[in-house]
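Here is the file input05.csv (CSV, N, CA and C atoms).
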```
chain,number,residue,atom,x,y,z
S,147,MET,N,-10.1,0.0,10.1
S,147,MET,CA,-10.1,-1.2,9.2
S,147,MET,C,-9.6,-2.4,10.0
S,148,LYS,N,-10.3,-3.5,9.9
S,148,LYS,CA,-10.0,-4.7,10.6
S,148,LYS,C,-8.7,-5.3,10.0
S,149,PRO,N,-7.7,-5.7,10.8
S,149,PRO,CA,-6.5,-6.3,10.3
S,149,PRO,C,-6.8,-7.6,9.5
S,150,HIS,N,-6.1,-7.8,8.4
S,150,HIS,CA,-6.3,-9.0,7.7
S,150,HIS,C,-4.9,-9.5,7.3
S,151,GLU,N,-4.9,-10.7,6.7
S,151,GLU,CA,-3.7,-11.4,6.3
S,151,GLU,C,-3.4,-11.2,4.8
S,152,VAL,N,-2.1,-11.1,4.5
S,152,VAL,CA,-1.7,-11.0,3.1
S,152,VAL,C,-0.5,-12.0,3.0
S,153,PHE,N,-0.5,-12.8,2.0
S,153,PHE,CA,0.7,-13.7,1.8
S,153,PHE,C,1.8,-12.9,1.2
S,154,VAL,N,3.0,-13.2,1.7
S,154,VAL,CA,4.2,-12.5,1.2
S,154,VAL,C,5.0,-13.5,0.3
S,155,ASP,N,5.2,-13.1,-1.0
S,155,ASP,CA,5.9,-13.9,-1.9
S,155,ASP,C,7.4,-13.5,-2.0
S,156,THR,N,8.2,-14.5,-2.5
S,156,THR,CA,9.6,-14.2,-2.6
S,156,THR,C,9.9,-13.0,-3.4
S,157,SER,N,9.1,-12.7,-4.5
S,157,SER,CA,9.4,-11.6,-5.3
S,157,SER,C,9.3,-10.3,-4.6
S,158,ALA,N,8.4,-10.1,-3.6
S,158,ALA,CA,8.4,-8.9,-2.8
S,158,ALA,C,9.6,-8.8,-1.9
S,159,LEU,N,10.0,-9.9,-1.3
S,159,LEU,CA,11.2,-9.9,-0.4
S,159,LEU,C,12.4,-9.5,-1.2
S,160,LEU,N,12.6,-10.1,-2.4
S,160,LEU,CA,13.7,-9.7,-3.2
S,160,LEU,C,13.7,-8.3,-3.6
S,161,ALA,N,12.6,-7.7,-3.9
S,161,ALA,CA,12.4,-6.3,-4.3
S,161,ALA,C,12.7,-5.4,-3.1
S,162,LEU,N,12.3,-5.8,-1.9
S,162,LEU,CA,12.6,-5.0,-0.7
S,162,LEU,C,14.0,-4.9,-0.4
S,163,VAL,N,14.7,-6.0,-0.5
S,163,VAL,CA,16.1,-6.1,0.0
S,163,VAL,C,17.1,-5.6,-1.1
S,164,ASN,N,16.8,-5.6,-2.3
S,164,ASN,CA,17.7,-5.3,-3.4
S,164,ASN,C,17.3,-3.9,-4.0
S,165,ARG,N,18.1,-2.9,-3.6
S,165,ARG,CA,17.8,-1.5,-4.0
S,165,ARG,C,17.9,-1.3,-5.5
S,166,SER,N,18.6,-2.2,-6.2
S,166,SER,CA,18.7,-2.1,-7.7
S,166,SER,C,17.6,-2.8,-8.4
S,167,ASP,N,16.7,-3.4,-7.7
S,167,ASP,CA,15.5,-4.1,-8.3
S,167,ASP,C,14.6,-3.0,-8.8
S,168,ALA,N,14.1,-3.2,-10.0
S,168,ALA,CA,13.2,-2.3,-10.6
S,168,ALA,C,11.9,-2.0,-9.8
S,169,LEU,N,11.6,-3.0,-9.0
S,169,LEU,CA,10.3,-2.8,-8.1
S,169,LEU,C,10.6,-2.4,-6.7
S,170,HIS,N,11.9,-2.1,-6.4
S,170,HIS,CA,12.2,-1.7,-5.0
S,170,HIS,C,11.4,-0.6,-4.4
S,171,SER,N,11.3,0.5,-5.1
S,171,SER,CA,10.5,1.6,-4.6
S,171,SER,C,9.0,1.3,-4.4
S,172,GLY,N,8.4,0.6,-5.4
S,172,GLY,CA,7.1,0.1,-5.3
S,172,GLY,C,6.8,-0.8,-4.2
S,173,ALA,N,7.8,-1.7,-4.0
S,173,ALA,CA,7.7,-2.7,-2.9
S,173,ALA,C,7.8,-2.0,-1.5
S,174,LYS,N,8.7,-1.1,-1.4
S,174,LYS,CA,8.8,-0.4,-0.2
S,174,LYS,C,7.5,0.4,0.2
S,175,ALA,N,7.0,1.1,-0.8
S,175,ALA,CA,5.7,1.8,-0.6
S,175,ALA,C,4.6,0.9,-0.3
S,176,ALA,N,4.4,-0.2,-1.0
S,176,ALA,CA,3.4,-1.2,-0.7
S,176,ALA,C,3.5,-1.8,0.7
S,177,HIS,N,4.8,-2.1,1.1
S,177,HIS,CA,5.0,-2.6,2.4
S,177,HIS,C,4.6,-1.6,3.5
S,178,ASP,N,5.0,-0.4,3.3
S,178,ASP,CA,4.6,0.7,4.2
S,178,ASP,C,3.1,0.8,4.4
S,179,ASP,N,2.4,0.8,3.2
S,179,ASP,CA,0.9,0.8,3.2
S,179,ASP,C,0.3,-0.4,4.0
S,180,LEU,N,0.9,-1.5,3.8
S,180,LEU,CA,0.3,-2.7,4.4
S,180,LEU,C,0.6,-2.7,5.9
S,181,LEU,N,1.7,-2.2,6.3
S,181,LEU,CA,2.0,-2.0,7.7
S,181,LEU,C,1.0,-1.0,8.4
S,182,ARG,N,0.8,0.1,7.7
S,182,ARG,CA,-0.1,1.1,8.2
S,182,ARG,C,-1.5,0.6,8.3
S,183,ASP,N,-1.9,-0.3,7.4
S,183,ASP,CA,-3.2,-0.9,7.4
S,183,ASP,C,-3.4,-2.0,8.4
S,184,GLY,N,-2.3,-2.3,9.2
S,184,GLY,CA,-2.4,-3.4,10.2
S,184,GLY,C,-2.4,-4.8,9.7
S,185,VAL,N,-1.9,-5.0,8.5
S,185,VAL,CA,-1.9,-6.3,7.9
S,185,VAL,C,-1.0,-7.3,8.7
S,186,THR,N,-1.4,-8.5,8.8
S,186,THR,CA,-0.6,-9.6,9.3
S,186,THR,C,0.0,-10.3,8.0
S,187,PHE,N,1.4,-10.4,8.0
S,187,PHE,CA,2.1,-10.9,6.9
S,187,PHE,C,2.2,-12.5,7.1
S,188,VAL,N,1.8,-13.2,6.1
S,188,VAL,CA,1.9,-14.7,6.1
S,188,VAL,C,2.8,-15.1,5.0
S,189,SER,N,3.7,-16.0,5.4
S,189,SER,CA,4.6,-16.6,4.4
S,189,SER,C,5.0,-18.0,4.9
S,190,SER,N,6.0,-18.6,4.3
S,190,SER,CA,6.3,-20.0,4.6
S,190,SER,C,7.8,-20.2,4.6
S,191,GLU,N,8.2,-21.3,5.3
S,191,GLU,CA,9.6,-21.6,5.2
S,191,GLU,C,10.1,-21.9,3.8
S,192,TRP,N,9.2,-22.4,3.0
S,192,TRP,CA,9.5,-22.6,1.5
S,192,TRP,C,9.9,-21.2,0.9
S,193,VAL,N,9.1,-20.2,1.1
S,193,VAL,CA,9.4,-18.9,0.6
S,193,VAL,C,10.7,-18.3,1.1
S,194,LEU,N,10.8,-18.4,2.5
S,194,LEU,CA,12.1,-17.9,3.1
S,194,LEU,C,13.3,-18.6,2.5
S,195,ALA,N,13.2,-19.9,2.3
S,195,ALA,CA,14.4,-20.6,1.7
S,195,ALA,C,14.7,-20.1,0.3
S,196,GLU,N,13.6,-19.9,-0.5
S,196,GLU,CA,13.8,-19.5,-1.8
S,196,GLU,C,14.4,-18.0,-1.8
S,197,PHE,N,13.9,-17.2,-0.9
S,197,PHE,CA,14.4,-15.9,-0.8
S,197,PHE,C,15.9,-15.9,-0.5
S,198,LEU,N,16.3,-16.7,0.5
S,198,LEU,CA,17.7,-16.8,0.9
S,198,LEU,C,18.5,-17.3,-0.3
S,199,ASN,N,18.0,-18.3,-1.0
S,199,ASN,CA,18.7,-18.7,-2.2
S,199,ASN,C,18.9,-17.6,-3.2
S,200,GLY,N,17.9,-16.8,-3.4
S,200,GLY,CA,18.0,-15.7,-4.3
S,200,GLY,C,18.9,-14.6,-3.9
S,201,CYS,N,19.3,-14.6,-2.6
S,201,CYS,CA,20.2,-13.6,-2.1
S,201,CYS,C,21.5,-14.2,-1.7
S,202,ALA,N,21.9,-15.2,-2.4
S,202,ALA,CA,23.2,-15.9,-2.0
S,202,ALA,C,24.4,-15.1,-2.3
S,203,ARG,N,24.3,-14.1,-3.2
S,203,ARG,CA,25.5,-13.3,-3.5
S,203,ARG,C,25.8,-12.5,-2.2
S,204,GLN,N,27.1,-12.4,-1.9
S,204,GLN,CA,27.6,-11.8,-0.7
S,204,GLN,C,27.0,-10.4,-0.4
S,205,VAL,N,26.8,-9.6,-1.5
S,205,VAL,CA,26.3,-8.3,-1.3
S,205,VAL,C,24.9,-8.2,-0.7
S,206,LEU,N,24.1,-9.3,-0.9
S,206,LEU,CA,22.7,-9.3,-0.4
S,206,LEU,C,22.5,-10.2,0.8
S,207,ARG,N,23.4,-11.1,1.0
S,207,ARG,CA,23.3,-12.2,2.0
S,207,ARG,C,23.0,-11.7,3.4
S,208,SER,N,23.8,-10.8,3.9
S,208,SER,CA,23.6,-10.3,5.3
S,208,SER,C,22.2,-9.6,5.5
S,209,ALA,N,21.8,-8.8,4.4
S,209,ALA,CA,20.5,-8.1,4.5
S,209,ALA,C,19.4,-9.1,4.5
S,210,ALA,N,19.5,-10.2,3.7
S,210,ALA,CA,18.5,-11.2,3.6
S,210,ALA,C,18.4,-12.0,5.0
S,211,ILE,N,19.5,-12.2,5.6
S,211,ILE,CA,19.5,-12.9,6.9
S,211,ILE,C,18.8,-12.0,7.9
S,212,ARG,N,19.0,-10.7,7.9
S,212,ARG,CA,18.3,-9.8,8.8
S,212,ARG,C,16.8,-9.8,8.6
S,213,VAL,N,16.4,-9.8,7.3
S,213,VAL,CA,15.0,-9.8,6.9
S,213,VAL,C,14.3,-11.1,7.5
S,214,VAL,N,15.0,-12.2,7.2
S,214,VAL,CA,14.4,-13.5,7.7
S,214,VAL,C,14.3,-13.5,9.2
S,215,ASN,N,15.3,-13.1,9.9
S,215,ASN,CA,15.2,-13.1,11.3
S,215,ASN,C,14.2,-12.1,11.8
S,216,ARG,N,14.0,-11.0,11.2
S,216,ARG,CA,13.0,-10.0,11.6
S,216,ARG,C,11.6,-10.6,11.3
S,217,ILE,N,11.4,-11.3,10.2
S,217,ILE,CA,10.1,-11.9,9.9
S,217,ILE,C,9.8,-13.0,11.0
S,218,ARG,N,10.7,-13.8,11.2
S,218,ARG,CA,10.5,-14.9,12.2
S,218,ARG,C,10.2,-14.5,13.6
S,219,SER,N,10.7,-13.3,14.0
S,219,SER,CA,10.5,-12.8,15.3
S,219,SER,C,9.4,-11.8,15.5
S,220,SER,N,8.7,-11.4,14.3
S,220,SER,CA,7.7,-10.4,14.4
S,220,SER,C,6.3,-10.9,14.8
S,221,ASN,N,5.6,-10.1,15.6
S,221,ASN,CA,4.3,-10.5,16.0
S,221,ASN,C,3.3,-10.1,14.9
S,222,ARG,N,3.8,-9.5,13.8
S,222,ARG,CA,2.9,-9.2,12.7
S,222,ARG,C,3.1,-10.2,11.5
S,223,ALA,N,3.8,-11.3,11.8
S,223,ALA,CA,4.1,-12.2,10.7
S,223,ALA,C,3.8,-13.6,11.2
S,224,VAL,N,3.3,-14.5,10.3
S,224,VAL,CA,3.1,-15.9,10.5
S,224,VAL,C,3.9,-16.6,9.5
S,225,VAL,N,4.8,-17.5,9.9
S,225,VAL,CA,5.6,-18.3,9.0
S,225,VAL,C,5.1,-19.7,9.1
S,226,LEU,N,4.6,-20.2,8.0
S,226,LEU,CA,4.1,-21.6,7.9
S,226,LEU,C,5.2,-22.6,7.8
S,227,SER,N,5.1,-23.7,8.5
S,227,SER,CA,6.2,-24.7,8.5
S,227,SER,C,6.2,-25.5,7.2
S,228,ALA,N,7.4,-25.9,6.8
S,228,ALA,CA,7.6,-26.8,5.7
S,228,ALA,C,7.8,-28.2,6.4
S,229,SER,N,7.0,-29.2,5.9
S,229,SER,CA,7.1,-30.5,6.6
S,229,SER,C,6.9,-31.6,5.5
S,230,TYR,N,7.2,-32.8,5.9
S,230,TYR,CA,7.0,-33.9,5.0
S,230,TYR,C,5.5,-34.0,4.5
S,231,SER,N,4.6,-33.8,5.4
S,231,SER,CA,3.2,-33.8,4.9
S,231,SER,C,2.8,-32.7,4.0
S,232,THR,N,3.3,-31.5,4.2
S,232,THR,CA,3.0,-30.4,3.3
S,232,THR,C,3.8,-30.7,2.0
S,233,PHE,N,5.0,-31.2,2.0
S,233,PHE,CA,5.7,-31.5,0.8
S,233,PHE,C,4.9,-32.5,-0.1
S,234,ASP,N,4.4,-33.5,0.5
S,234,ASP,CA,3.6,-34.5,-0.3
S,234,ASP,C,2.4,-33.9,-0.9
S,235,ALA,N,1.7,-33.0,-0.1
S,235,ALA,CA,0.5,-32.4,-0.6
S,235,ALA,C,0.8,-31.4,-1.7
S,236,VAL,N,1.9,-30.6,-1.5
S,236,VAL,CA,2.3,-29.7,-2.6
S,236,VAL,C,2.8,-30.4,-3.8
S,237,LEU,N,3.5,-31.5,-3.6
S,237,LEU,CA,3.9,-32.3,-4.8
S,237,LEU,C,2.7,-32.8,-5.6
S,238,GLU,N,1.7,-33.3,-4.9
S,238,GLU,CA,0.5,-33.7,-5.6
S,238,GLU,C,-0.2,-32.5,-6.4
S,239,PHE,N,-0.3,-31.4,-5.7
S,239,PHE,CA,-0.9,-30.2,-6.3
S,239,PHE,C,-0.1,-29.8,-7.5
S,240,HIS,N,1.3,-29.8,-7.4
S,240,HIS,CA,2.2,-29.5,-8.5
S,240,HIS,C,2.0,-30.4,-9.7
S,241,PHE,N,1.8,-31.7,-9.4
S,241,PHE,CA,1.6,-32.7,-10.5
S,241,PHE,C,0.3,-32.5,-11.2
S,242,ARG,N,-0.8,-32.1,-10.4
S,242,ARG,CA,-2.1,-31.9,-11.0
S,242,ARG,C,-2.2,-30.6,-11.9
S,243,HIS,N,-1.2,-29.8,-11.8
S,243,HIS,CA,-1.2,-28.5,-12.5
S,243,HIS,C,0.0,-28.5,-13.5
S,244,GLN,N,0.2,-29.6,-14.2
S,244,GLN,CA,1.4,-29.7,-15.1
S,244,GLN,C,1.2,-28.8,-16.3
S,245,ASP,N,0.0,-28.4,-16.6
S,245,ASP,CA,-0.3,-27.5,-17.7
S,245,ASP,C,0.2,-26.0,-17.4
S,246,LYS,N,0.6,-25.8,-16.2
S,246,LYS,CA,1.0,-24.4,-15.8
S,246,LYS,C,2.5,-24.4,-15.6
S,247,GLU,N,3.1,-23.2,-15.6
S,247,GLU,CA,4.5,-23.1,-15.3
S,247,GLU,C,4.8,-22.7,-13.9
S,248,TRP,N,4.0,-23.2,-13.0
S,248,TRP,CA,4.1,-22.8,-11.6
S,248,TRP,C,5.3,-23.6,-10.9
S,249,SER,N,6.1,-22.9,-10.2
S,249,SER,CA,7.2,-23.5,-9.4
S,249,SER,C,6.6,-24.3,-8.2
S,250,PHE,N,7.4,-25.2,-7.7
S,250,PHE,CA,7.0,-25.9,-6.5
S,250,PHE,C,6.7,-25.0,-5.4
S,251,VAL,N,7.5,-24.0,-5.2
S,251,VAL,CA,7.3,-23.0,-4.1
S,251,VAL,C,6.0,-22.2,-4.3
S,252,ASP,N,5.8,-21.8,-5.6
S,252,ASP,CA,4.5,-21.1,-5.9
S,252,ASP,C,3.4,-22.0,-5.5
S,253,CYS,N,3.4,-23.2,-5.9
S,253,CYS,CA,2.3,-24.2,-5.6
S,253,CYS,C,2.1,-24.3,-4.1
S,254,SER,N,3.2,-24.3,-3.3
S,254,SER,CA,3.0,-24.4,-1.8
S,254,SER,C,2.4,-23.1,-1.3
S,255,SER,N,2.7,-22.0,-1.9
S,255,SER,CA,2.1,-20.7,-1.5
S,255,SER,C,0.7,-20.6,-1.9
S,256,MET,N,0.3,-21.1,-3.1
S,256,MET,CA,-1.1,-21.1,-3.5
S,256,MET,C,-1.9,-22.0,-2.6
S,257,MET,N,-1.4,-23.1,-2.2
S,257,MET,CA,-2.1,-24.0,-1.3
S,257,MET,C,-2.3,-23.3,0.1
S,258,ALA,N,-1.3,-22.6,0.5
S,258,ALA,CA,-1.4,-21.9,1.8
S,258,ALA,C,-2.4,-20.8,1.8
S,259,CYS,N,-2.5,-20.1,0.7
S,259,CYS,CA,-3.5,-19.1,0.5
S,259,CYS,C,-4.9,-19.7,0.5
S,260,ARG,N,-5.1,-20.7,-0.2
S,260,ARG,CA,-6.4,-21.4,-0.3
S,260,ARG,C,-6.8,-21.9,1.1
S,261,GLU,N,-5.9,-22.5,1.8
S,261,GLU,CA,-6.2,-23.1,3.1
S,261,GLU,C,-6.5,-22.0,4.2
S,262,ARG,N,-5.9,-20.8,4.0
S,262,ARG,CA,-6.1,-19.8,5.0
S,262,ARG,C,-7.2,-18.8,4.5
S,263,GLY,N,-7.7,-19.0,3.3
S,263,GLY,CA,-8.7,-18.1,2.8
S,263,GLY,C,-8.1,-16.7,2.4
S,264,LEU,N,-6.9,-16.7,2.0
S,264,LEU,CA,-6.2,-15.4,1.6
S,264,LEU,C,-6.5,-15.1,0.2
S,265,GLN,N,-6.7,-13.8,-0.1
S,265,GLN,CA,-7.0,-13.4,-1.5
S,265,GLN,C,-5.9,-12.5,-2.1
S,266,SER,N,-5.0,-12.0,-1.3
S,266,SER,CA,-4.0,-11.1,-1.7
S,266,SER,C,-2.6,-11.6,-1.5
S,267,VAL,N,-1.7,-11.3,-2.5
S,267,VAL,CA,-0.3,-11.7,-2.4
S,267,VAL,C,0.5,-10.4,-2.5
S,268,PHE,N,1.4,-10.2,-1.6
S,268,PHE,CA,2.4,-9.1,-1.7
S,268,PHE,C,3.5,-9.7,-2.5
S,269,GLY,N,3.4,-9.4,-3.8
S,269,GLY,CA,4.4,-9.9,-4.8
S,269,GLY,C,3.9,-9.5,-6.2
S,270,HIS,N,4.7,-9.9,-7.2
S,270,HIS,CA,4.3,-9.6,-8.6
S,270,HIS,C,4.3,-10.8,-9.5
S,271,ASP,N,4.5,-12.0,-9.0
S,271,ASP,CA,4.5,-13.2,-9.8
S,271,ASP,C,3.1,-13.4,-10.4
S,272,ARG,N,3.0,-13.3,-11.8
S,272,ARG,CA,1.7,-13.5,-12.5
S,272,ARG,C,1.1,-14.8,-12.2
S,273,HIS,N,1.8,-15.8,-11.8
S,273,HIS,CA,1.3,-17.1,-11.5
S,273,HIS,C,0.2,-17.1,-10.5
S,274,PHE,N,0.4,-16.2,-9.5
S,274,PHE,CA,-0.7,-16.0,-8.5
S,274,PHE,C,-2.0,-15.5,-9.0
S,275,ALA,N,-1.8,-14.6,-10.0
S,275,ALA,CA,-3.0,-14.0,-10.7
S,275,ALA,C,-3.7,-15.1,-11.5
S,276,GLN,N,-2.9,-16.0,-12.1
S,276,GLN,CA,-3.5,-17.1,-12.8
S,276,GLN,C,-4.3,-18.0,-11.9
S,277,PHE,N,-3.9,-18.1,-10.7
S,277,PHE,CA,-4.6,-18.9,-9.6
S,277,PHE,C,-5.8,-18.2,-9.1
S,278,GLY,N,-6.0,-16.9,-9.4
S,278,GLY,CA,-7.1,-16.1,-8.9
S,278,GLY,C,-6.9,-15.2,-7.8
S,279,LEU,N,-5.6,-15.0,-7.4
S,279,LEU,CA,-5.3,-14.1,-6.3
S,279,LEU,C,-4.9,-12.7,-6.8
S,280,THR,N,-5.1,-11.7,-5.9
S,280,THR,CA,-4.8,-10.3,-6.3
S,280,THR,C,-3.3,-10.0,-5.9
S,281,LEU,N,-2.6,-9.5,-6.9
S,281,LEU,CA,-1.2,-9.1,-6.6
S,281,LEU,C,-1.1,-7.7,-6.1
S,282,LEU,N,-0.3,-7.4,-5.1
S,282,LEU,CA,-0.2,-6.1,-4.5
S,282,LEU,C,1.1,-5.5,-4.8
S,283,LEU,N,1.8,-5.9,-5.9
S,283,LEU,CA,3.0,-5.3,-6.3
S,283,LEU,C,3.1,-5.3,-7.8
```
Please rewrite the model in this file as structure tokens.
Amino acid sequence: MKPHEVFVDTSALLALVNRSDALHSGAKAAHDDLLRDGVTFVSSEWVLAEFLNGCARQVLRSAAIRVVNRIRSSNRAVVLSASYSTFDAVLEFHFRHQDKEWSFVDCSSMMACRERGLQSVFGHDRHFAQFGLTLLL
């Protein structure tokens, strides 16, 4: 199977790092399958920041920092930069979709998926399905 790219959402990262998360086992199994399939994981600095915010409690913080460092140094991962230009583009996208309950970070992820031609998201946020992407968790 030819390696392909899958976008990694905050929800998957939170499920992977938090053993008490209801989706932890499923996230771990899906992650292992994606690794075995040779997938390249794509995410963004926006997602990593949201993940770190979600793991601000002392009990999760050190594990979250290890995960982020592992992602940033992996040759199997691409981390898209957050910048002023992407902020402005995402802000416009977010404003155009006021009829949805999509967060700013979700909008940035949706735009990244569209720009890279990605169809699958390692996560469980239904907003990605509303946008037409396939959820892998």
Which residues are near stretch 249-266 of chain S? Cut-off 7 Å, all atoms listed in the file, ignore same chain within fewer than 2 positions. Put them as an mmCIF file with N, CA and C atoms, keeping the file's coordinate frame.
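In the end it all went to out27.cif:
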```cif
data_model
loop_
_atom_site.group_PDB
_atom_site.id
_atom_site.type_symbol
_atom_site.label_atom_id
_atom_site.label_comp_id
_atom_site.auth_asym_id
_atom_site.auth_seq_id
_atom_site.Cartn_x
_atom_site.Cartn_y
_atom_site.Cartn_z
ATOM 1 N N GLU S 151 -4.900 -10.700 6.700
ATOM 2 C CA GLU S 151 -3.700 -11.400 6.300
ATOM 3 C C GLU S 151 -3.400 -11.200 4.800
ATOM 4 N N VAL S 152 -2.100 -11.100 4.500
ATOM 5 C CA VAL S 152 -1.700 -11.000 3.100
ATOM 6 C C VAL S 152 -0.500 -12.000 3.000
ATOM 7 N N PHE S 153 -0.500 -12.800 2.000
ATOM 8 C CA PHE S 153 0.700 -13.700 1.800
ATOM 9 C C PHE S 153 1.800 -12.900 1.200
ATOM 10 N N VAL S 154 3.000 -13.200 1.700
ATOM 11 C CA VAL S 154 4.200 -12.500 1.200
ATOM 12 C C VAL S 154 5.000 -13.500 0.300
ATOM 13 N N TRP S 192 9.200 -22.400 3.000
ATOM 14 C CA TRP S 192 9.500 -22.600 1.500
ATOM 15 C C TRP S 192 9.900 -21.200 0.900
ATOM 16 N N VAL S 193 9.100 -20.200 1.100
ATOM 17 C CA VAL S 193 9.400 -18.900 0.600
ATOM 18 C C VAL S 193 10.700 -18.300 1.100
ATOM 19 N N VAL S 236 1.900 -30.600 -1.500
ATOM 20 C CA VAL S 236 2.300 -29.700 -2.600
ATOM 21 C C VAL S 236 2.800 -30.400 -3.800
ATOM 22 N N PHE S 239 -0.300 -31.400 -5.700
ATOM 23 C CA PHE S 239 -0.900 -30.200 -6.300
ATOM 24 C C PHE S 239 -0.100 -29.800 -7.500
ATOM 25 N N HIS S 240 1.300 -29.800 -7.400
ATOM 26 C CA HIS S 240 2.200 -29.500 -8.500
ATOM 27 C C HIS S 240 2.000 -30.400 -9.700
ATOM 28 N N LYS S 246 0.600 -25.800 -16.200
ATOM 29 C CA LYS S 246 1.000 -24.400 -15.800
ATOM 30 C C LYS S 246 2.500 -24.400 -15.600
ATOM 31 N N GLU S 247 3.100 -23.200 -15.600
ATOM 32 C CA GLU S 247 4.500 -23.100 -15.300
ATOM 33 C C GLU S 247 4.800 -22.700 -13.900
ATOM 34 N N PHE S 268 1.400 -10.200 -1.600
ATOM 35 C CA PHE S 268 2.400 -9.100 -1.700
ATOM 36 C C PHE S 268 3.500 -9.700 -2.500
ATOM 37 N N GLY S 269 3.400 -9.400 -3.800
ATOM 38 C CA GLY S 269 4.400 -9.900 -4.800
ATOM 39 C C GLY S 269 3.900 -9.500 -6.200
ATOM 40 N N GLY S 278 -6.000 -16.900 -9.400
ATOM 41 C CA GLY S 278 -7.100 -16.100 -8.900
ATOM 42 C C GLY S 278 -6.900 -15.200 -7.800
ATOM 43 N N LEU S 279 -5.600 -15.000 -7.400
ATOM 44 C CA LEU S 279 -5.300 -14.100 -6.300
ATOM 45 C C LEU S 279 -4.900 -12.700 -6.800
ATOM 46 N N THR S 280 -5.100 -11.700 -5.900
ATOM 47 C CA THR S 280 -4.800 -10.300 -6.300
ATOM 48 C C THR S 280 -3.300 -10.000 -5.900
ATOM 49 N N LEU S 281 -2.600 -9.500 -6.900
ATOM 50 C CA LEU S 281 -1.200 -9.100 -6.600
ATOM 51 C C LEU S 281 -1.100 -7.700 -6.100
ATOM 52 N N LEU S 282 -0.300 -7.400 -5.100
ATOM 53 C CA LEU S 282 -0.200 -6.100 -4.500
ATOM 54 C C LEU S 282 1.100 -5.500 -4.800
#
```
task: Could you tell me, as a PyMOL selection string, which residues of chain S DSSP assigns to strand (DSSP E) when given the backbone?
output: chain S and resi 151-154+186-190+223-226+266-268+280-281
message: From a backbone DSSP assignment, name each residue in chain S labelled alpha helix (DSSP H), as an MDAnalysis selection string.
response: chainID S and resid 156:163 170:182 191:200 204:219 230:242 250:262 272:276
- prompt: Quick one: of S:Ala235, S:His150, S:Asn221, S:Phe274, who's nearest to S:Gly184, counting only N, CA and C atoms?
  reply: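 Once distances to S:Gly184 are computed over only N, CA and C atoms, the minimum belongs to S:His150.
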message: For a quick check of understanding, using only C-alpha atoms, which of S:Asp183, S:Asp234, S:Val163, S:Ala175 has the smallest distance to S:Ile211?
response: S:Val163
